[in-house]
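Below is one structure; the comments refer to it alone.
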Amino acid sequence: MAKFENIVIVGGGTAGWMCAAGLASMLGSTGLKITLIESEAIGIVGVGEATLPHIKFFNETIGIDEAEFMAATSATFKLGIEFVNWGRIGDSYIHPFGEFGLPNAGIGFHHYWRSMMDDPQTASMDHYSLPIMACRNARFRPPSNDFRSVHSTYKYAYQFDATKYAPFLRKHAEERGVTRIEGKLVDVICDGENGNISSVKLENGEEISGDLFIDCTGFRGVLTEGALETGYDEWTKFLPCDRAVAAPCKSYGPLLPYTRATADKAGWRWRIPLQNRTGNGHVYSSNFISDEKARQSLLDNLDGECLSEPRFLRFTTGKRKKLWNKNCIAIGLSGGFLEPLESTSIYLIQEGITKLLEHFPSASSVHIDRKEYNDLMDLEFERVRDFLILHYHATERDDSEFWNYMRTMQIPDSLNEKMELFRQRGRVTAYDRGLFLQPSWIAVYLGQRIIPRQWDDRVSLLPDSDIKHHLNGLKQLMQRSANELPQHSDYITQYCPSPLAAEPAA
Amino acid sequence: MTIKSIAIIGSSIEAWLPAAYIRARLPSAYKISIIETSKSKDENRLIARPNSKDMHALLQFSEADLGQHAQAKPLLAATINADIALPFGRYGLDRDGAEFQHLWRRIYPDTPIQNINLFNLSLALQKAALFIPQAPQGMPSYDYGYDLSTNGYLSMLKQAAKDVLNLEAKKLEVHHDSGKISAIDCGDTHIQADLYIDATRDGHVSNIISTLMDNWHGNCLSICRNFDETDHKNGIRLYRLQIAMERLIALWPDTSFAPSELNEYNRLANAEQEHIRDMNALLAHDKKEMSNRKALQRKIAVFESRGRIANEDYEIFSKSEWIAALAAANISPASYDRLADRADEHDLKQWIKQLEQAIGQYVHMMGQRTIKSSPQSHGNVTTDGNIISNISGLVK
């Protein structure tokens, strides 16, 4: 029976080196031999400059020092994502990595807020969330561990230079025994009997054999698709954006602890502030806008001087039919892509690695390990997909063909049911698992004008004056607490300055 | 329109727990009636799982009250029969990213799976008829529930359910129209309410307005019609009622009974019911039923191959309870997680032996230090301040 001792990772971008570092840190001591093949001649996409809070756990688990990592990747802190022009042109809301309000009598804060929404003294939801107020005031400090404190009501992630994350992880992985082979892959050799990949051949004639192959070759999926013809489930019907054009620019203005996603005519533009520059991109649907117009829209909306020629990417939203097929696991862009709207790319890489560690195969159990892995990852992808569709579909925009399509398209039943439940009385469909939990759904629903018709009846039984008092107290608490935090830029300068950091922004 | 009146049809705790719960959660403005159906023979004792503490806090039932009025005994595991107890505590300790059962399996690949029970402190303490409210540091953690007198607990619920109109059902005639109950004729009285809670075990009322198996139809919510005899033993009888009330409050409707809210309730309740059936089939070792249950088959296959417990959404039973039930069914892992290979084998062997000894010694030591209490006593305090009780007593 096959053993799984010899692991070959093909591709050395973010996904490849995350896999190498994760496997080496967690299983390197068990005798696992890990080889990573990459070619300097092939560029990396550098996916995921913006991340979700889960990456902190990944870095901690594999023993990465936060300040060192942040300095090496010119990273900044991230408390949420601002969505501009999504519900209507002129709208802005932040999806925070944290809570709205504080727990009160077991009733979600948004019910209190909804009951007083039309009162002139009631502010927008932003004002009742500490991470949002910190974002709006460009402030940051890590959360408190004291669960009684309002300063414990948020988490954070990072915004970093993805092209520097892979080299940083490479050093970490090589120190833990990962062998890197420089070379361009020219052939994949499969076993005639069972169809498994037995080895890969490099341009110089070298043949690298392995028991388990991890395909991190990017969109092409050289192993999983090129050799194994796994197949791909396209989700372009729901998520039609299929191209991106990206360019960095000089930083300008205060260093913001959040990513911005601004809806455009046929897609949206990202803005990710790093210590030394600002990352920008325009994700769009080629059915609704030309490449040149998309490029121009990106350039027209930069904060400052463009630092390099914009580069284009093509992708198809969806996922492989089997993320683990035969003895090959597709992790990263080779496995699927759900566009970067909610910074899920690195999260899905991380989940792929975590679930591989949890289901690392043995000879006798590989068929069950594989099935479990695929089922669990499918669920992750599908739940992220529904959340992304919500952003596009919950809009009142009718100023372009693209938004007319998105607004009126047929969406999955699972999402329709979720939206209707919220519309009725602000209830959020309950899950144990899945990436986005209640506060995330509430932020996007309300931010994109899905306003519940009613609210929890128990709130209706309270005197208006009590609710107003409660809301006003919370608003003051959040503002006061945000003001207690240092400026994000000051915190970075003190904690993890990058050698590449730009001069203080104008 | 806001719901103002609630009629509950049933008997015993099935009827009175909802009344007490709703009264505690919602203001007294709600009018609650209980139409008590004929009382069938009830079990003397009632198992409360650890999560019942949240409900007891809501109902303001202190442990002292439970001891005094419901003759509560602390419970570290739910005893199903002489061979099976579902522990409320963990198996061993995790290490190097691996769960204990994998570490244990690596060192003892051929040992009968049931021997893993030696590493469950809650099972060891319960077997020795000892109760310590909290595991000491460095030992497998656990929680505890209660073994209660059904009648005593019922009295407490009745007291908590203030201002409830209690009617005896001399007959039970359900009037309905377009899938909604319009009134219930219970002999002397004709009851009309906005919301009807069917607390009969056979779903007597809800079956009249719908043949569907969902729990909530129109203005009638059925909360215990899937009752199974095993529910008495594993604490599901009380658990199910508590969760039904939590779910109802979380989705508290108005008189429009929006389909989206009813659907969400039914989706969650149906998932819960499937988990209960999975566990009951496994505990009964009902091979035919087991083979028909997809999620249970998945759990068995995953455990058999590598000793993992495959989780689903809305799990009720803890990983430890599943391990205990699978072990009792003699379903044994063929292998273990690779993460368990991280530790040095010799060190790991020593560590596991030390843990086994530590658990044994701790249980022995606690047994020695326990001052035998009189039947009326609810616990004893040892000289070092630890509260220790004979299992027949209750910790204050």
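Every chain in the structure tokens takes a letter, A first, then B, and so on in the order presented; its residues are numbered from 1, and the ligands are numbered from 1 following the presented order.
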Checklist entry - Could you write out as a PyMOL selection string the residues of chain B within 7 Å of chain A, counting only C-alpha atoms? => result chain B and resi 26+260-261+302+305+313-314+338-339+341-342
What are the closest atom pairs, with distances in Å to one decimal, for all residues of region 106-203 of chain B lying within 10 Å of region 230-251 of chain B? Consider only C-alpha atoms, order rows by chain and residue number, and present the result as a tab-separated table.
```
residue	atom	partner	partner_atom	distance
B:Gly145	CA	B:Gly235	CA	9.0
B:Tyr146	CA	B:Gly235	CA	9.2
B:Asp147	CA	B:Gly235	CA	9.1
B:Ala199	CA	B:Leu241	CA	9.2
```
Go ahead and save the picked residues with N, CA and C atoms, as a PDB file, in the first residue's frame.
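This is the output file selection_33.pdb:
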```
ATOM      1  N   GLY B 145     -23.655  17.845  35.058  1.00  0.00           N
ATOM      2  CA  GLY B 145     -25.087  18.104  35.003  1.00  0.00           C
ATOM      3  C   GLY B 145     -25.717  17.626  36.305  1.00  0.00           C
ATOM      4  N   TYR B 146     -26.983  17.246  36.242  1.00  0.00           N
ATOM      5  CA  TYR B 146     -27.685  16.842  37.469  1.00  0.00           C
ATOM      6  C   TYR B 146     -28.599  15.652  37.213  1.00  0.00           C
ATOM      7  N   ASP B 147     -28.757  14.910  38.258  1.00  0.00           N
ATOM      8  CA  ASP B 147     -29.795  13.883  38.299  1.00  0.00           C
ATOM      9  C   ASP B 147     -30.850  14.449  39.245  1.00  0.00           C
ATOM     10  N   ALA B 199     -47.120  20.381  23.629  1.00  0.00           N
ATOM     11  CA  ALA B 199     -46.112  19.721  24.464  1.00  0.00           C
ATOM     12  C   ALA B 199     -46.506  18.263  24.728  1.00  0.00           C
TER      13      ALA B 199
END
```
- request: Run DSSP on the backbone of this structure and report the residues of region 156-375 of chain A it assigns to alpha helix (DSSP H), as a PyMOL selection string.
  value: chain A and resi 162-175+291-300+345-358+366-375
Polymer residues at most 8 Å from Phe100 (chain A), only C-alpha atoms, same-chain spacing of 3 or more positions, as a list in words
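Here the answer would be Phe109, His110, Met125, Tyr128, Ser129, Leu130 and Pro439 of chain A.
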Selection from above, all heavy atoms, as a tab-separated table (two decimals), in the first residue's frame, can you write it?
```
chain	number	residue	atom	x	y	z
A	109	PHE	N	-27.68	43.59	19.06
A	109	PHE	CA	-27.69	45.04	19.09
A	109	PHE	C	-28.49	45.63	17.93
A	109	PHE	O	-29.17	46.65	18.08
A	109	PHE	CB	-26.25	45.58	19.06
A	109	PHE	CG	-26.20	47.05	18.82
A	109	PHE	CD1	-26.49	47.94	19.84
A	109	PHE	CD2	-25.94	47.56	17.55
A	109	PHE	CE1	-26.49	49.30	19.62
A	109	PHE	CE2	-25.94	48.92	17.32
A	109	PHE	CZ	-26.22	49.79	18.36
A	110	HIS	N	-28.38	44.98	16.77
A	110	HIS	CA	-29.02	45.60	15.60
A	110	HIS	C	-30.54	45.68	15.73
A	110	HIS	O	-31.16	46.48	15.05
A	110	HIS	CB	-28.63	44.87	14.31
A	110	HIS	CG	-29.10	43.45	14.23
A	110	HIS	ND1	-28.58	42.44	15.01
A	110	HIS	CD2	-30.05	42.87	13.46
A	110	HIS	CE1	-29.18	41.31	14.70
A	110	HIS	NE2	-30.07	41.53	13.77
A	125	MET	N	-24.94	52.59	11.91
A	125	MET	CA	-24.44	51.45	12.68
A	125	MET	C	-22.95	51.59	13.00
A	125	MET	O	-22.46	51.08	14.00
A	125	MET	CB	-24.67	50.15	11.89
A	125	MET	CG	-26.06	49.56	12.04
A	125	MET	SD	-26.33	48.78	13.65
A	125	MET	CE	-25.65	47.14	13.35
A	128	TYR	N	-21.55	52.42	16.47
A	128	TYR	CA	-21.77	51.55	17.63
A	128	TYR	C	-20.80	50.36	17.62
A	128	TYR	O	-21.05	49.34	18.25
A	128	TYR	CB	-23.22	51.07	17.66
A	128	TYR	CG	-24.20	52.23	17.64
A	128	TYR	CD1	-24.74	52.69	16.45
A	128	TYR	CD2	-24.53	52.89	18.82
A	128	TYR	CE1	-25.62	53.77	16.42
A	128	TYR	CE2	-25.40	53.98	18.81
A	128	TYR	CZ	-25.93	54.41	17.60
A	128	TYR	OH	-26.79	55.49	17.59
A	129	SER	N	-19.75	50.50	16.84
A	129	SER	CA	-18.77	49.42	16.75
A	129	SER	C	-17.38	50.01	16.96
A	129	SER	O	-16.97	50.92	16.24
A	129	SER	CB	-18.86	48.76	15.36
A	129	SER	OG	-17.72	47.97	15.12
A	130	LEU	N	-16.66	49.49	17.94
A	130	LEU	CA	-15.33	50.03	18.22
A	130	LEU	C	-14.37	49.84	17.04
A	130	LEU	O	-13.67	50.79	16.67
A	130	LEU	CB	-14.77	49.42	19.52
A	130	LEU	CG	-13.35	49.84	19.89
A	130	LEU	CD1	-13.20	51.35	19.92
A	130	LEU	CD2	-12.96	49.25	21.24
A	439	PRO	N	-22.01	38.79	12.91
A	439	PRO	CA	-21.71	40.22	12.71
A	439	PRO	C	-21.36	40.56	11.27
A	439	PRO	O	-21.68	41.65	10.79
A	439	PRO	CB	-20.50	40.45	13.64
A	439	PRO	CG	-20.53	39.34	14.62
A	439	PRO	CD	-21.12	38.16	13.91
```
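Shell of Tyr142 (chain B) at 9 Å, with only C-alpha atoms counted and residues fewer than 6 places along the chain excluded, is Leu76, Pro87, Phe88, Gly89, Arg90, Asn120, Leu121, Ser122, Pro133, Gln134 and Ala135 of chain B.
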*Rank A:Val150, A:Ala21, A:Leu202, A:Leu255 by their smallest atom-to-atom distance to Gln487 (chain A), using only C-alpha atoms, and report the top residue only.*
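The closest residue to Gln487 (chain A) is A:Leu255.
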Quiz prompt | Within 9 Å of Leu313 (chain A) using only C-alpha atoms, minus same-chain residues under 5 positions, as a PyMOL selection string | solution = chain A and resi 45+242-246
Query raised in the report: Among region 152-380 of chain A, which ones does DSSP place in strand (DSSP E or B), written as a PyMOL selection string?
Result: chain A and resi 154+157-159+179-182+185-190+197-202+207-209+212-215+232-234+243-249+259-264+267-273+278-284+306+311-314+318-320+324-325+328-330+336-337
### Task
Can you work out which one of A:Phe381, A:Phe147, A:Phe160, A:Tyr258 has the shortest atom-to-atom distance to Trp235 (chain A), counting only C-alpha atoms?
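Ranked by minimum distance to Trp235 (chain A), first place goes to A:Phe381.
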Contacts of region 287-301 of chain A within 9 Å, only C-alpha atoms, excl. fewer than 2 positions in-chain, as number ranges by chain: A: 240-247, 264-267, 269, 280-285, 303-304, 306, 310-312, 400-402
CA of Leu123 (chain B) to CA of Asp96 (chain B) measures 24.6 Å
Show me, as number ranges by chain, the residues that have an atom within 9 Å of His217 (chain B) when counting only C-alpha atoms, minus same-chain residues fewer than 5 positions from it. B: 179-180, 206, 209-210, 212, 222, 257, 262
Would you mind exporting the chosen residues as a PDB file, in the first residue's frame, restricted to N, CA and C atoms?
```
ATOM      1  N   GLY B 179     -54.903  25.794   8.274  1.00  0.00           N
ATOM      2  CA  GLY B 179     -53.584  25.450   8.833  1.00  0.00           C
ATOM      3  C   GLY B 179     -53.249  26.170  10.116  1.00  0.00           C
ATOM      4  N   LYS B 180     -54.229  26.834  10.718  1.00  0.00           N
ATOM      5  CA  LYS B 180     -53.969  27.511  11.990  1.00  0.00           C
ATOM      6  C   LYS B 180     -55.024  27.113  13.001  1.00  0.00           C
ATOM      7  N   SER B 206     -50.526  19.220  16.984  1.00  0.00           N
ATOM      8  CA  SER B 206     -49.955  19.645  15.686  1.00  0.00           C
ATOM      9  C   SER B 206     -50.315  18.671  14.572  1.00  0.00           C
ATOM     10  N   ILE B 209     -53.384  19.684  12.561  1.00  0.00           N
ATOM     11  CA  ILE B 209     -53.374  20.743  11.531  1.00  0.00           C
ATOM     12  C   ILE B 209     -52.393  20.477  10.405  1.00  0.00           C
ATOM     13  N   SER B 210     -51.500  19.508  10.573  1.00  0.00           N
ATOM     14  CA  SER B 210     -50.587  19.212   9.463  1.00  0.00           C
ATOM     15  C   SER B 210     -50.075  17.786   9.558  1.00  0.00           C
ATOM     16  N   LEU B 212     -47.290  17.084   7.976  1.00  0.00           N
ATOM     17  CA  LEU B 212     -45.844  17.199   7.767  1.00  0.00           C
ATOM     18  C   LEU B 212     -45.100  16.951   9.073  1.00  0.00           C
ATOM     19  N   SER B 222     -44.729  22.333  17.905  1.00  0.00           N
ATOM     20  CA  SER B 222     -44.630  21.068  18.631  1.00  0.00           C
ATOM     21  C   SER B 222     -43.205  20.931  19.150  1.00  0.00           C
ATOM     22  N   PHE B 257     -46.679  34.926  11.614  1.00  0.00           N
ATOM     23  CA  PHE B 257     -45.937  33.651  11.533  1.00  0.00           C
ATOM     24  C   PHE B 257     -45.250  33.529  10.171  1.00  0.00           C
ATOM     25  N   LEU B 262     -40.374  30.394  10.471  1.00  0.00           N
ATOM     26  CA  LEU B 262     -40.775  29.012  10.762  1.00  0.00           C
ATOM     27  C   LEU B 262     -39.818  28.027  10.078  1.00  0.00           C
TER      28      LEU B 262
END
```
Open item on the list: Using Å and a single decimal, report how far CA of Pro452 (chain A) sits from CA of Gln476 (chain A).
Closed with: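 Computed distance, CA of Gln476 (chain A) to CA of Pro452 (chain A), equals 25.2 Å.
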Shortest contact to Arg369 (chain B), candidates B:Trp216, B:Phe131, B:Trp322, B:Phe61, atoms counted only C-alpha atoms, goes to B:Phe131
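Here CA of Ala19 (chain B) stands at a distance of 16.4 Å from CA of Gln192 (chain B).
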Query raised in the report: From the list B:Ile34, B:Ile132, B:Ile331, B:Met365, which residue is nearest Ile6 (chain B) when using only C-alpha atoms?
Result: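 Closest to Ile6 (chain B) of all the choices is B:Ile34.
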